[in-house]
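What follows is the content of final35.csv, which has CSV, C-alpha atoms:
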```csv
chain,number,residue,atom,x,y,z
A,1,MET,CA,-63.3,-2.3,39.5
A,2,ILE,CA,-60.9,-0.1,37.6
A,3,THR,CA,-57.2,-0.7,38.3
A,4,TYR,CA,-53.9,0.3,36.7
A,5,SER,CA,-50.5,-0.9,37.8
A,6,ASN,CA,-49.4,2.7,38.6
A,7,ASP,CA,-50.4,6.3,38.0
A,8,VAL,CA,-48.1,6.6,35.0
A,9,GLU,CA,-50.1,3.9,33.2
A,10,ALA,CA,-53.3,5.6,34.3
A,11,VAL,CA,-52.1,8.9,32.9
A,12,LYS,CA,-51.4,7.2,29.5
A,13,ALA,CA,-54.9,5.6,29.6
A,14,LEU,CA,-56.6,9.0,30.3
A,15,HIS,CA,-54.6,10.7,27.5
A,16,GLU,CA,-55.8,8.0,25.1
A,17,LYS,CA,-59.4,8.2,26.2
A,18,TYR,CA,-59.3,12.0,25.9
A,19,THR,CA,-58.3,11.7,22.3
A,20,ARG,CA,-61.1,9.2,21.7
A,21,ILE,CA,-63.6,11.5,23.5
A,22,LYS,CA,-62.7,14.4,21.2
A,23,ASP,CA,-63.0,12.2,18.1
A,24,SER,CA,-66.4,10.9,19.4
A,25,ILE,CA,-67.7,14.5,19.9
A,26,GLY,CA,-66.3,15.6,16.6
A,27,ARG,CA,-68.7,13.2,14.8
A,28,ILE,CA,-71.5,15.6,15.8
A,29,ILE,CA,-69.9,18.9,16.8
A,30,VAL,CA,-67.9,20.9,14.2
A,31,GLY,CA,-65.1,23.0,15.7
A,32,GLN,CA,-65.3,24.4,19.2
A,33,HIS,CA,-62.2,22.4,20.1
A,34,ASP,CA,-61.2,24.8,23.0
A,35,VAL,CA,-64.7,24.7,24.5
A,36,VAL,CA,-64.7,20.8,24.4
A,37,ASP,CA,-61.3,20.8,26.1
A,38,LYS,CA,-62.4,23.0,28.9
A,39,LEU,CA,-65.6,21.0,29.5
A,40,ILE,CA,-63.6,17.8,29.7
A,41,ILE,CA,-61.2,19.4,32.2
A,42,SER,CA,-64.0,20.8,34.2
A,43,ILE,CA,-65.7,17.3,34.5
A,44,LEU,CA,-62.4,15.5,35.4
A,45,CYS,CA,-61.8,18.2,38.1
A,46,ASP,CA,-65.3,17.6,39.5
A,47,GLY,CA,-66.1,21.3,38.7
A,48,HIS,CA,-69.0,23.2,37.1
A,49,SER,CA,-68.8,25.4,34.0
A,50,LEU,CA,-70.7,28.4,32.7
A,51,LEU,CA,-71.0,28.7,28.9
A,52,VAL,CA,-71.5,32.2,27.5
A,53,GLY,CA,-72.4,32.7,23.9
A,54,VAL,CA,-75.1,34.1,21.6
A,55,PRO,CA,-78.1,31.8,20.7
A,56,GLY,CA,-77.7,29.2,18.0
A,57,LEU,CA,-74.1,28.1,18.7
A,58,ALA,CA,-75.2,24.5,19.6
A,59,LYS,CA,-74.4,24.8,23.3
A,60,THR,CA,-77.2,22.4,24.2
A,61,LEU,CA,-76.2,19.9,21.4
A,62,LEU,CA,-72.6,20.1,22.6
A,63,VAL,CA,-73.4,19.3,26.2
A,64,ASN,CA,-75.8,16.5,25.2
A,65,THR,CA,-73.1,15.0,22.9
A,66,LEU,CA,-70.5,15.1,25.7
A,67,ALA,CA,-72.9,13.3,28.0
A,68,GLN,CA,-73.4,10.5,25.4
A,69,ALA,CA,-69.6,10.2,24.8
A,70,LEU,CA,-69.2,9.8,28.6
A,71,ASP,CA,-72.2,7.5,28.9
A,72,LEU,CA,-73.8,9.7,31.5
A,73,GLY,CA,-77.4,10.7,32.3
A,74,PHE,CA,-78.4,14.1,30.9
A,75,LYS,CA,-81.1,16.5,31.8
A,76,ARG,CA,-81.9,20.0,30.4
A,77,ILE,CA,-83.6,22.6,32.6
A,78,GLN,CA,-84.9,25.7,30.9
A,79,PHE,CA,-84.7,28.5,33.4
A,80,THR,CA,-87.6,30.9,33.2
A,81,PRO,CA,-88.9,33.7,35.5
A,82,ASP,CA,-91.7,31.4,36.8
A,83,LEU,CA,-89.4,28.4,37.6
A,84,MET,CA,-89.7,27.3,41.2
A,85,PRO,CA,-87.0,25.5,43.3
A,86,SER,CA,-89.2,22.4,43.4
A,87,ASP,CA,-89.2,22.3,39.6
A,88,ILE,CA,-85.5,21.6,39.9
A,89,THR,CA,-85.1,19.6,43.1
A,90,GLY,CA,-88.4,17.7,43.1
A,91,THR,CA,-91.4,17.7,45.5
A,92,GLU,CA,-93.3,15.5,47.9
A,93,ILE,CA,-96.8,14.2,46.9
A,94,LEU,CA,-99.5,12.3,48.7
A,95,ASP,CA,-99.7,8.9,47.2
A,96,GLU,CA,-102.7,6.6,47.1
A,97,ASN,CA,-101.9,5.2,50.6
A,98,ARG,CA,-101.9,8.8,52.0
A,99,GLN,CA,-98.2,8.7,52.5
A,100,PHE,CA,-95.8,11.4,51.4
A,101,LYS,CA,-93.6,10.3,48.5
A,102,PHE,CA,-90.7,12.2,47.1
A,103,ILE,CA,-90.7,12.7,43.3
A,104,LYS,CA,-87.2,13.5,42.1
A,105,GLY,CA,-86.7,16.5,40.0
A,106,PRO,CA,-84.4,16.8,36.9
A,107,VAL,CA,-81.4,17.7,39.0
A,108,PHE,CA,-81.1,14.0,39.8
A,109,SER,CA,-78.9,13.2,36.8
A,110,ASN,CA,-75.2,13.2,36.0
A,111,ILE,CA,-74.9,16.2,33.7
A,112,ILE,CA,-77.4,19.0,34.1
A,113,LEU,CA,-77.7,21.7,31.4
A,114,ALA,CA,-79.0,24.8,33.2
A,115,ASP,CA,-80.1,26.7,30.2
A,116,GLU,CA,-80.2,30.5,30.6
A,117,ILE,CA,-79.6,30.3,34.4
A,118,ASN,CA,-79.7,34.1,34.7
A,119,ARG,CA,-83.4,34.2,33.7
A,120,THR,CA,-84.7,32.7,36.9
A,121,PRO,CA,-85.2,34.5,40.3
A,122,PRO,CA,-82.6,34.3,43.1
A,123,LYS,CA,-84.6,31.8,45.1
A,124,THR,CA,-84.4,29.2,42.3
A,125,GLN,CA,-80.8,30.1,41.6
A,126,ALA,CA,-80.1,29.3,45.3
A,127,ALA,CA,-81.6,25.9,45.0
A,128,MET,CA,-79.3,25.1,42.1
A,129,LEU,CA,-76.4,26.6,44.1
A,130,GLU,CA,-76.9,24.1,47.0
A,131,ALA,CA,-77.0,21.2,44.5
A,132,MET,CA,-73.7,22.4,42.9
A,133,GLN,CA,-71.8,23.0,46.1
A,134,GLU,CA,-73.2,20.4,48.5
A,135,LYS,CA,-74.0,17.6,45.9
A,136,HIS,CA,-77.4,17.2,47.7
A,137,VAL,CA,-80.8,18.8,47.8
A,138,THR,CA,-83.1,19.5,50.8
A,139,VAL,CA,-86.8,19.1,50.5
A,140,ALA,CA,-89.2,19.2,53.5
A,141,ASN,CA,-86.3,18.9,55.9
A,142,ALA,CA,-85.1,15.8,54.2
A,143,THR,CA,-81.7,15.6,52.5
A,144,TYR,CA,-81.3,13.7,49.2
A,145,THR,CA,-77.8,12.9,47.9
A,146,LEU,CA,-77.2,13.4,44.2
A,147,GLN,CA,-75.7,10.6,42.2
A,148,LYS,CA,-72.0,10.7,41.2
A,149,PRO,CA,-70.6,12.0,39.0
A,150,PHE,CA,-72.6,15.2,39.0
A,151,PHE,CA,-71.9,18.3,36.9
A,152,VAL,CA,-73.8,21.5,36.2
A,153,LEU,CA,-73.1,23.2,32.8
A,154,ALA,CA,-75.0,26.4,32.8
A,155,THR,CA,-75.5,28.8,29.9
A,156,GLN,CA,-76.0,32.6,29.6
A,157,ASN,CA,-76.6,34.7,26.6
A,158,PRO,CA,-74.6,37.9,26.5
A,159,ILE,CA,-77.5,39.7,24.8
A,160,GLU,CA,-81.1,40.4,25.8
A,161,GLN,CA,-80.2,41.1,29.4
A,162,GLU,CA,-83.4,43.0,30.2
A,163,GLY,CA,-85.6,41.1,32.7
A,164,THR,CA,-82.7,38.9,33.8
A,165,TYR,CA,-81.4,38.1,37.3
A,166,PRO,CA,-77.6,38.5,37.2
A,167,LEU,CA,-75.9,35.7,39.1
A,168,PRO,CA,-74.4,37.0,42.4
A,169,GLU,CA,-70.6,36.9,42.8
A,170,ALA,CA,-71.0,34.0,45.4
A,171,GLN,CA,-72.7,31.8,42.8
A,172,LEU,CA,-70.4,32.8,39.9
A,173,ASP,CA,-67.5,31.7,42.1
A,174,ARG,CA,-69.0,28.2,42.3
A,175,PHE,CA,-68.3,27.8,38.6
A,176,MET,CA,-64.8,26.5,37.9
A,177,PHE,CA,-64.8,28.0,34.4
A,178,MET,CA,-66.6,30.6,32.5
A,179,ILE,CA,-66.2,29.4,28.9
A,180,GLU,CA,-66.8,31.8,26.0
A,181,VAL,CA,-68.5,30.1,23.0
A,182,ASP,CA,-67.7,32.0,19.9
A,183,TYR,CA,-69.0,32.0,16.3
A,184,PRO,CA,-67.6,29.2,14.0
A,185,THR,CA,-65.1,30.1,11.2
A,186,GLU,CA,-66.4,30.3,7.7
A,187,ALA,CA,-65.1,26.8,6.8
A,188,GLU,CA,-66.6,25.3,10.0
A,189,GLU,CA,-70.0,27.0,9.3
A,190,ILE,CA,-70.0,25.5,5.8
A,191,GLU,CA,-69.4,22.1,7.2
A,192,ILE,CA,-72.2,22.7,9.9
A,193,VAL,CA,-74.7,23.6,7.2
A,194,ARG,CA,-73.6,20.6,5.0
A,195,GLN,CA,-74.1,18.2,7.9
A,196,THR,CA,-77.3,19.6,9.3
A,197,THR,CA,-79.2,20.0,6.1
A,198,ALA,CA,-78.7,16.4,4.9
A,199,LYS,CA,-80.0,13.1,6.3
A,200,SER,CA,-77.7,11.8,8.9
A,201,ASP,CA,-77.6,8.8,11.3
A,202,ARG,CA,-74.4,9.6,13.0
A,203,THR,CA,-74.0,8.1,16.5
A,204,VAL,CA,-71.8,9.1,19.4
A,205,PRO,CA,-69.5,6.2,20.5
A,206,LYS,CA,-69.3,5.8,24.3
A,207,VAL,CA,-65.8,6.2,25.4
A,208,MET,CA,-65.9,6.5,29.2
A,209,SER,CA,-68.2,5.4,32.1
A,210,GLY,CA,-69.2,7.2,35.3
A,211,GLU,CA,-67.0,4.8,37.3
A,212,GLU,CA,-64.0,5.7,35.1
A,213,ILE,CA,-64.7,9.4,35.5
A,214,ILE,CA,-64.6,9.1,39.3
A,215,TYR,CA,-61.4,7.1,39.1
A,216,PHE,CA,-59.7,9.7,36.9
A,217,GLN,CA,-60.9,12.5,39.1
A,218,ASP,CA,-58.9,10.9,41.9
A,219,LEU,CA,-56.0,10.5,39.6
A,220,VAL,CA,-56.0,14.2,38.7
A,221,ARG,CA,-55.8,15.1,42.4
A,222,ARG,CA,-52.8,12.8,42.9
A,223,VAL,CA,-50.8,14.6,40.1
A,224,PRO,CA,-47.7,16.3,41.8
A,225,VAL,CA,-47.2,20.0,41.4
A,226,ALA,CA,-43.9,21.9,41.8
A,227,ASP,CA,-43.8,24.7,44.4
A,228,ASN,CA,-42.9,27.3,41.8
A,229,VAL,CA,-46.0,26.5,39.8
A,230,ILE,CA,-48.2,26.9,42.8
A,231,ALA,CA,-46.4,30.1,43.7
A,232,TYR,CA,-47.0,31.4,40.1
A,233,ALA,CA,-50.7,30.7,40.3
A,234,VAL,CA,-51.1,32.3,43.7
A,235,LYS,CA,-49.1,35.4,42.5
A,236,VAL,CA,-51.4,35.9,39.5
A,237,VAL,CA,-54.5,35.7,41.7
A,238,GLN,CA,-53.0,38.0,44.3
A,239,GLN,CA,-52.3,40.6,41.6
A,240,THR,CA,-56.1,40.8,40.9
A,241,ARG,CA,-56.8,42.3,44.3
A,242,PRO,CA,-56.8,46.1,44.5
A,243,SER,CA,-56.7,46.0,48.3
A,244,LEU,CA,-53.0,45.0,48.3
A,245,PRO,CA,-50.7,48.1,48.3
A,246,GLN,CA,-48.3,46.7,45.7
A,247,ASN,CA,-51.0,46.1,43.0
A,248,GLU,CA,-51.0,49.5,41.3
A,249,TYR,CA,-52.5,48.2,38.1
A,250,ALA,CA,-55.3,46.4,40.0
A,251,ARG,CA,-56.2,49.6,41.9
A,252,LYS,CA,-56.4,51.4,38.7
A,253,TYR,CA,-58.7,49.1,36.8
A,254,ILE,CA,-60.2,46.4,39.1
A,255,ALA,CA,-63.1,46.9,41.6
A,256,TRP,CA,-63.0,43.4,43.0
A,257,GLY,CA,-60.5,40.6,42.5
A,258,ALA,CA,-60.4,36.8,42.7
A,259,GLY,CA,-60.5,34.8,45.9
A,260,PRO,CA,-58.6,31.7,47.0
A,261,ARG,CA,-60.9,29.4,45.1
A,262,ALA,CA,-59.4,30.9,41.9
A,263,SER,CA,-55.9,29.7,43.0
A,264,GLN,CA,-57.2,26.3,43.8
A,265,ASN,CA,-59.0,26.0,40.5
A,266,LEU,CA,-55.9,27.2,38.6
A,267,ILE,CA,-53.8,24.4,40.0
A,268,LEU,CA,-56.4,21.7,39.8
A,269,ALA,CA,-57.2,22.6,36.2
A,270,ALA,CA,-53.5,22.9,35.3
A,271,LYS,CA,-53.0,19.4,36.6
A,272,CYS,CA,-55.8,18.0,34.4
A,273,HIS,CA,-54.5,20.1,31.4
A,274,ALA,CA,-51.1,18.6,31.8
A,275,VAL,CA,-52.3,15.0,32.1
A,276,LEU,CA,-54.6,15.3,29.1
A,277,HIS,CA,-51.6,16.5,27.0
A,278,GLY,CA,-49.4,13.6,28.1
A,279,LYS,CA,-47.4,15.2,30.9
A,280,TYR,CA,-47.1,13.9,34.5
A,281,SER,CA,-46.9,17.3,36.2
A,282,PRO,CA,-48.1,20.8,35.2
A,283,ASP,CA,-45.8,23.8,34.5
A,284,THR,CA,-46.6,27.5,34.3
A,285,GLU,CA,-47.7,27.1,30.6
A,286,ASP,CA,-50.5,24.8,31.8
A,287,VAL,CA,-51.6,27.5,34.3
A,288,LYS,CA,-51.6,30.1,31.5
A,289,ALA,CA,-53.6,27.8,29.2
A,290,ILE,CA,-56.6,27.7,31.6
A,291,MET,CA,-56.1,31.1,33.2
A,292,PRO,CA,-58.7,33.1,31.2
A,293,ASP,CA,-61.5,30.6,31.9
A,294,VAL,CA,-60.8,30.5,35.6
A,295,LEU,CA,-60.5,34.3,36.1
A,296,ARG,CA,-62.8,36.0,33.7
A,297,HIS,CA,-65.9,35.7,36.0
A,298,ARG,CA,-63.9,36.5,39.2
A,299,ILE,CA,-62.6,39.9,38.2
A,300,MET,CA,-64.9,42.9,38.3
A,301,ARG,CA,-63.7,46.0,36.4
A,302,ASN,CA,-64.1,49.5,37.9
A,303,TYR,CA,-65.6,52.5,36.2
A,304,LYS,CA,-62.1,53.7,34.9
A,305,ALA,CA,-61.6,50.4,33.1
A,306,GLU,CA,-65.0,50.6,31.5
A,307,ALA,CA,-64.5,54.2,30.5
A,308,GLU,CA,-61.1,53.4,28.9
A,309,GLY,CA,-62.4,50.3,27.2
A,310,ILE,CA,-60.1,47.9,29.2
A,311,SER,CA,-61.8,44.5,29.1
A,312,VAL,CA,-61.4,41.7,31.6
A,313,ALA,CA,-59.4,39.8,28.9
A,314,ASP,CA,-57.0,42.7,28.7
A,315,ILE,CA,-56.5,42.7,32.4
A,316,ILE,CA,-55.8,38.9,32.5
A,317,ARG,CA,-53.3,39.2,29.7
A,318,LYS,CA,-51.5,42.0,31.6
A,319,LEU,CA,-51.4,39.9,34.8
A,320,ALA,CA,-50.1,36.8,33.1
```

Just dump the structure as structure tokens.
Amino acid sequence: MITYSNDVEAVKALHEKYTRIKDSIGRIIVGQHDVVDKLIISILCDGHSLLVGVPGLAKTLLVNTLAQALDLGFKRIQFTPDLMPSDITGTEILDENRQFKFIKGPVFSNIILADEINRTPPKTQAAMLEAMQEKHVTVANATYTLQKPFFVLATQNPIEQEGTYPLPEAQLDRFMFMIEVDYPTEAEEIEIVRQTTAKSDRTVPKVMSGEEIIYFQDLVRRVPVADNVIAYAVKVVQQTRPSLPQNEYARKYIAWGAGPRASQNLILAAKCHAVLHGKYSPDTEDVKAIMPDVLRHRIMRNYKAEAEGISVADIIRKLA
């Protein structure tokens, strides 16, 4: 049983554990500090994240290392065109007593790495969507609850899009963040090469448990937010909608804007961002810090924006 005398003490404890988690991950992962931050925020907000980056940037290693630091179960699912829903959720078999027995699939773990999720057909994507949203799976009319905490960290490669199945907007919206994983700097790459080409027995210290994660998820929800911060987050999201008559910029460059889930995620993530940085309530700067990751997959550019080379990042900077 985890108890703190008050929420202020709990915030201090979470801030201290956050620093230790980053140090623990840093024993294996060089750089990618912003990506690590957003993954931790996503987990503490009970959300899911979509990692986008070219192959070879250690996305799988990063997620596995994070799972070790949090002392959580980890499963990797390689999404391919022939992957079936039962390959994710599990299936029923006839045992030696001629009774049907359910064999759990890899989704029954704490952290699921859905590798190249856009390479599997919509039917299989839908099975993962149910698990993400409902925290359970349905097999042969029976419902099986997934263990807590449960997070899906999916990856997409921004290249080699031929033969892929783009995620529909409804499924993209289920991801709290779309996080861009960029190339390392020259100094970081030198250190990566040095570490990975020599014998190493580095281990990942365990910093937090599943029980603590669930406790801190509740703590994040209890963090108070000023009305002006909520109003700012909602105003930004409203400005992405070209259907509103006052949004001239949106009508010019946006085909489809963000829905209410974006406003909810902005505030929830801003709460967690504030707590992790030692504050007891978020301000507009916390909202701005996580805004690109919340909005980049919820804004669809129109033809004019593409023709003029206006990126989603440009649009978000303009709206902020």

Test item: residues at most 7 Å from Val287 (chain A), all atoms listed in the file, excluding those fewer than 2 positions along its chain, as a VMD selection string: chain A and resid 233 266 to 267 270 283 to 285 289 to 291

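For the set A:Leu57, A:Ala114, A:Ala170, A:Ile41, the residue with the smallest atom-to-atom gap to Lys75 (chain A) is A:Ala114, counting only C-alpha atoms.
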
Within 12 Å of (-57.9, 10.2, 21.9) in the file's own coordinates, which protein, DNA or RNA residues have an atom, counting all atoms listed in the file? List them as an mmCIF file with C-alpha atoms, in the frame of the given file.
```cif
data_model
loop_
_atom_site.group_PDB
_atom_site.id
_atom_site.type_symbol
_atom_site.label_atom_id
_atom_site.label_comp_id
_atom_site.auth_asym_id
_atom_site.auth_seq_id
_atom_site.Cartn_x
_atom_site.Cartn_y
_atom_site.Cartn_z
ATOM 1 C CA LYS A 12 -51.400 7.200 29.500
ATOM 2 C CA ALA A 13 -54.900 5.600 29.600
ATOM 3 C CA LEU A 14 -56.600 9.000 30.300
ATOM 4 C CA HIS A 15 -54.600 10.700 27.500
ATOM 5 C CA GLU A 16 -55.800 8.000 25.100
ATOM 6 C CA LYS A 17 -59.400 8.200 26.200
ATOM 7 C CA TYR A 18 -59.300 12.000 25.900
ATOM 8 C CA THR A 19 -58.300 11.700 22.300
ATOM 9 C CA ARG A 20 -61.100 9.200 21.700
ATOM 10 C CA ILE A 21 -63.600 11.500 23.500
ATOM 11 C CA LYS A 22 -62.700 14.400 21.200
ATOM 12 C CA ASP A 23 -63.000 12.200 18.100
ATOM 13 C CA SER A 24 -66.400 10.900 19.400
ATOM 14 C CA ILE A 25 -67.700 14.500 19.900
ATOM 15 C CA GLY A 26 -66.300 15.600 16.600
ATOM 16 C CA ASP A 37 -61.300 20.800 26.100
ATOM 17 C CA VAL A 207 -65.800 6.200 25.400
ATOM 18 C CA MET A 208 -65.900 6.500 29.200
ATOM 19 C CA LEU A 276 -54.600 15.300 29.100
ATOM 20 C CA HIS A 277 -51.600 16.500 27.000
ATOM 21 C CA GLY A 278 -49.400 13.600 28.100
#
```

Select, counting only C-alpha atoms, all protein, DNA and RNA residues no farther than 12 Å from (-68.6, 20.9, 31.0) in file coordinates, and express the selection as a PyMOL selection string. chain A and resi 34-51+59-60+62-67+70+74+110-114+150-155+175-179

Expressed in Å, the length from CA of Asp286 (chain A) to CA of Ala255 (chain A) is 27.3 Å

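In this model, the gap between CA of Tyr4 (chain A) and CA of Leu219 (chain A) comes to 10.8 Å.
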
Could you tell me how far CA of His136 (chain A) sits from CA of Gly259 (chain A), in Å to one decimal place?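 Going from CA of Gly259 (chain A) over to CA of His136 (chain A), I get 24.5 Å.
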
Can you tell me which residues surround Pro122 (chain A) at a distance of at most 9 Å, considering all atoms listed in the file, apart from same-chain residues fewer than 5 positions away, and format the answer as JSON, numbers by chain? {"A": [127, 165, 166, 167, 168]}

Would you put the residues from that selection into a file with C-alpha atoms, as a PDB file, in the frame of the given file?
```
ATOM      1  CA  ALA A 127     -81.600  25.900  45.000  1.00  0.00           C
ATOM      2  CA  TYR A 165     -81.400  38.100  37.300  1.00  0.00           C
ATOM      3  CA  PRO A 166     -77.600  38.500  37.200  1.00  0.00           C
ATOM      4  CA  LEU A 167     -75.900  35.700  39.100  1.00  0.00           C
ATOM      5  CA  PRO A 168     -74.400  37.000  42.400  1.00  0.00           C
TER       6      PRO A 168
END
```

Among listed residues A:Tyr280, A:Tyr303, A:Tyr232, A:Phe102, nearest Ile254 (chain A) (using all atoms listed in the file):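 For Ile254 (chain A), the nearest of the candidates is A:Tyr303.
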
May I ask which of the residues A:Val294, A:Met128, A:Ile103, A:Ile29 is the closest one to Phe79 (chain A), counting only C-alpha atoms?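 Distance minimum relative to Phe79 (chain A) lands on A:Met128.
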
For region 40-53 of chain A, supply N, CA and C atoms and report the output as a CSV table (one decimal), in the coordinates of the input.
```csv
chain,number,residue,atom,x,y,z
A,40,ILE,N,-64.2,19.1,29.3
A,40,ILE,CA,-63.6,17.8,29.7
A,40,ILE,C,-62.8,18.0,31.0
A,41,ILE,N,-62.0,19.1,31.0
A,41,ILE,CA,-61.2,19.4,32.2
A,41,ILE,C,-62.1,19.7,33.4
A,42,SER,N,-63.1,20.4,33.2
A,42,SER,CA,-64.0,20.8,34.2
A,42,SER,C,-64.6,19.5,34.9
A,43,ILE,N,-65.1,18.6,34.0
A,43,ILE,CA,-65.7,17.3,34.5
A,43,ILE,C,-64.6,16.5,35.2
A,44,LEU,N,-63.4,16.4,34.7
A,44,LEU,CA,-62.4,15.5,35.4
A,44,LEU,C,-61.9,16.2,36.6
A,45,CYS,N,-62.1,17.5,36.8
A,45,CYS,CA,-61.8,18.2,38.1
A,45,CYS,C,-63.0,18.2,39.0
A,46,ASP,N,-64.1,17.6,38.7
A,46,ASP,CA,-65.3,17.6,39.5
A,46,ASP,C,-65.8,19.1,39.7
A,47,GLY,N,-65.7,19.9,38.6
A,47,GLY,CA,-66.1,21.3,38.7
A,47,GLY,C,-67.4,21.5,37.8
A,48,HIS,N,-67.8,22.7,37.9
A,48,HIS,CA,-69.0,23.2,37.1
A,48,HIS,C,-68.5,24.3,36.1
A,49,SER,N,-69.2,24.4,35.0
A,49,SER,CA,-68.8,25.4,34.0
A,49,SER,C,-70.0,26.3,33.6
A,50,LEU,N,-69.7,27.5,33.3
A,50,LEU,CA,-70.7,28.4,32.7
A,50,LEU,C,-70.4,28.8,31.3
A,51,LEU,N,-71.3,28.4,30.4
A,51,LEU,CA,-71.0,28.7,28.9
A,51,LEU,C,-71.7,30.0,28.6
A,52,VAL,N,-71.0,30.9,28.0
A,52,VAL,CA,-71.5,32.2,27.5
A,52,VAL,C,-71.3,32.3,26.0
A,53,GLY,N,-72.5,32.5,25.4
A,53,GLY,CA,-72.4,32.7,23.9
A,53,GLY,C,-73.8,33.1,23.4
```
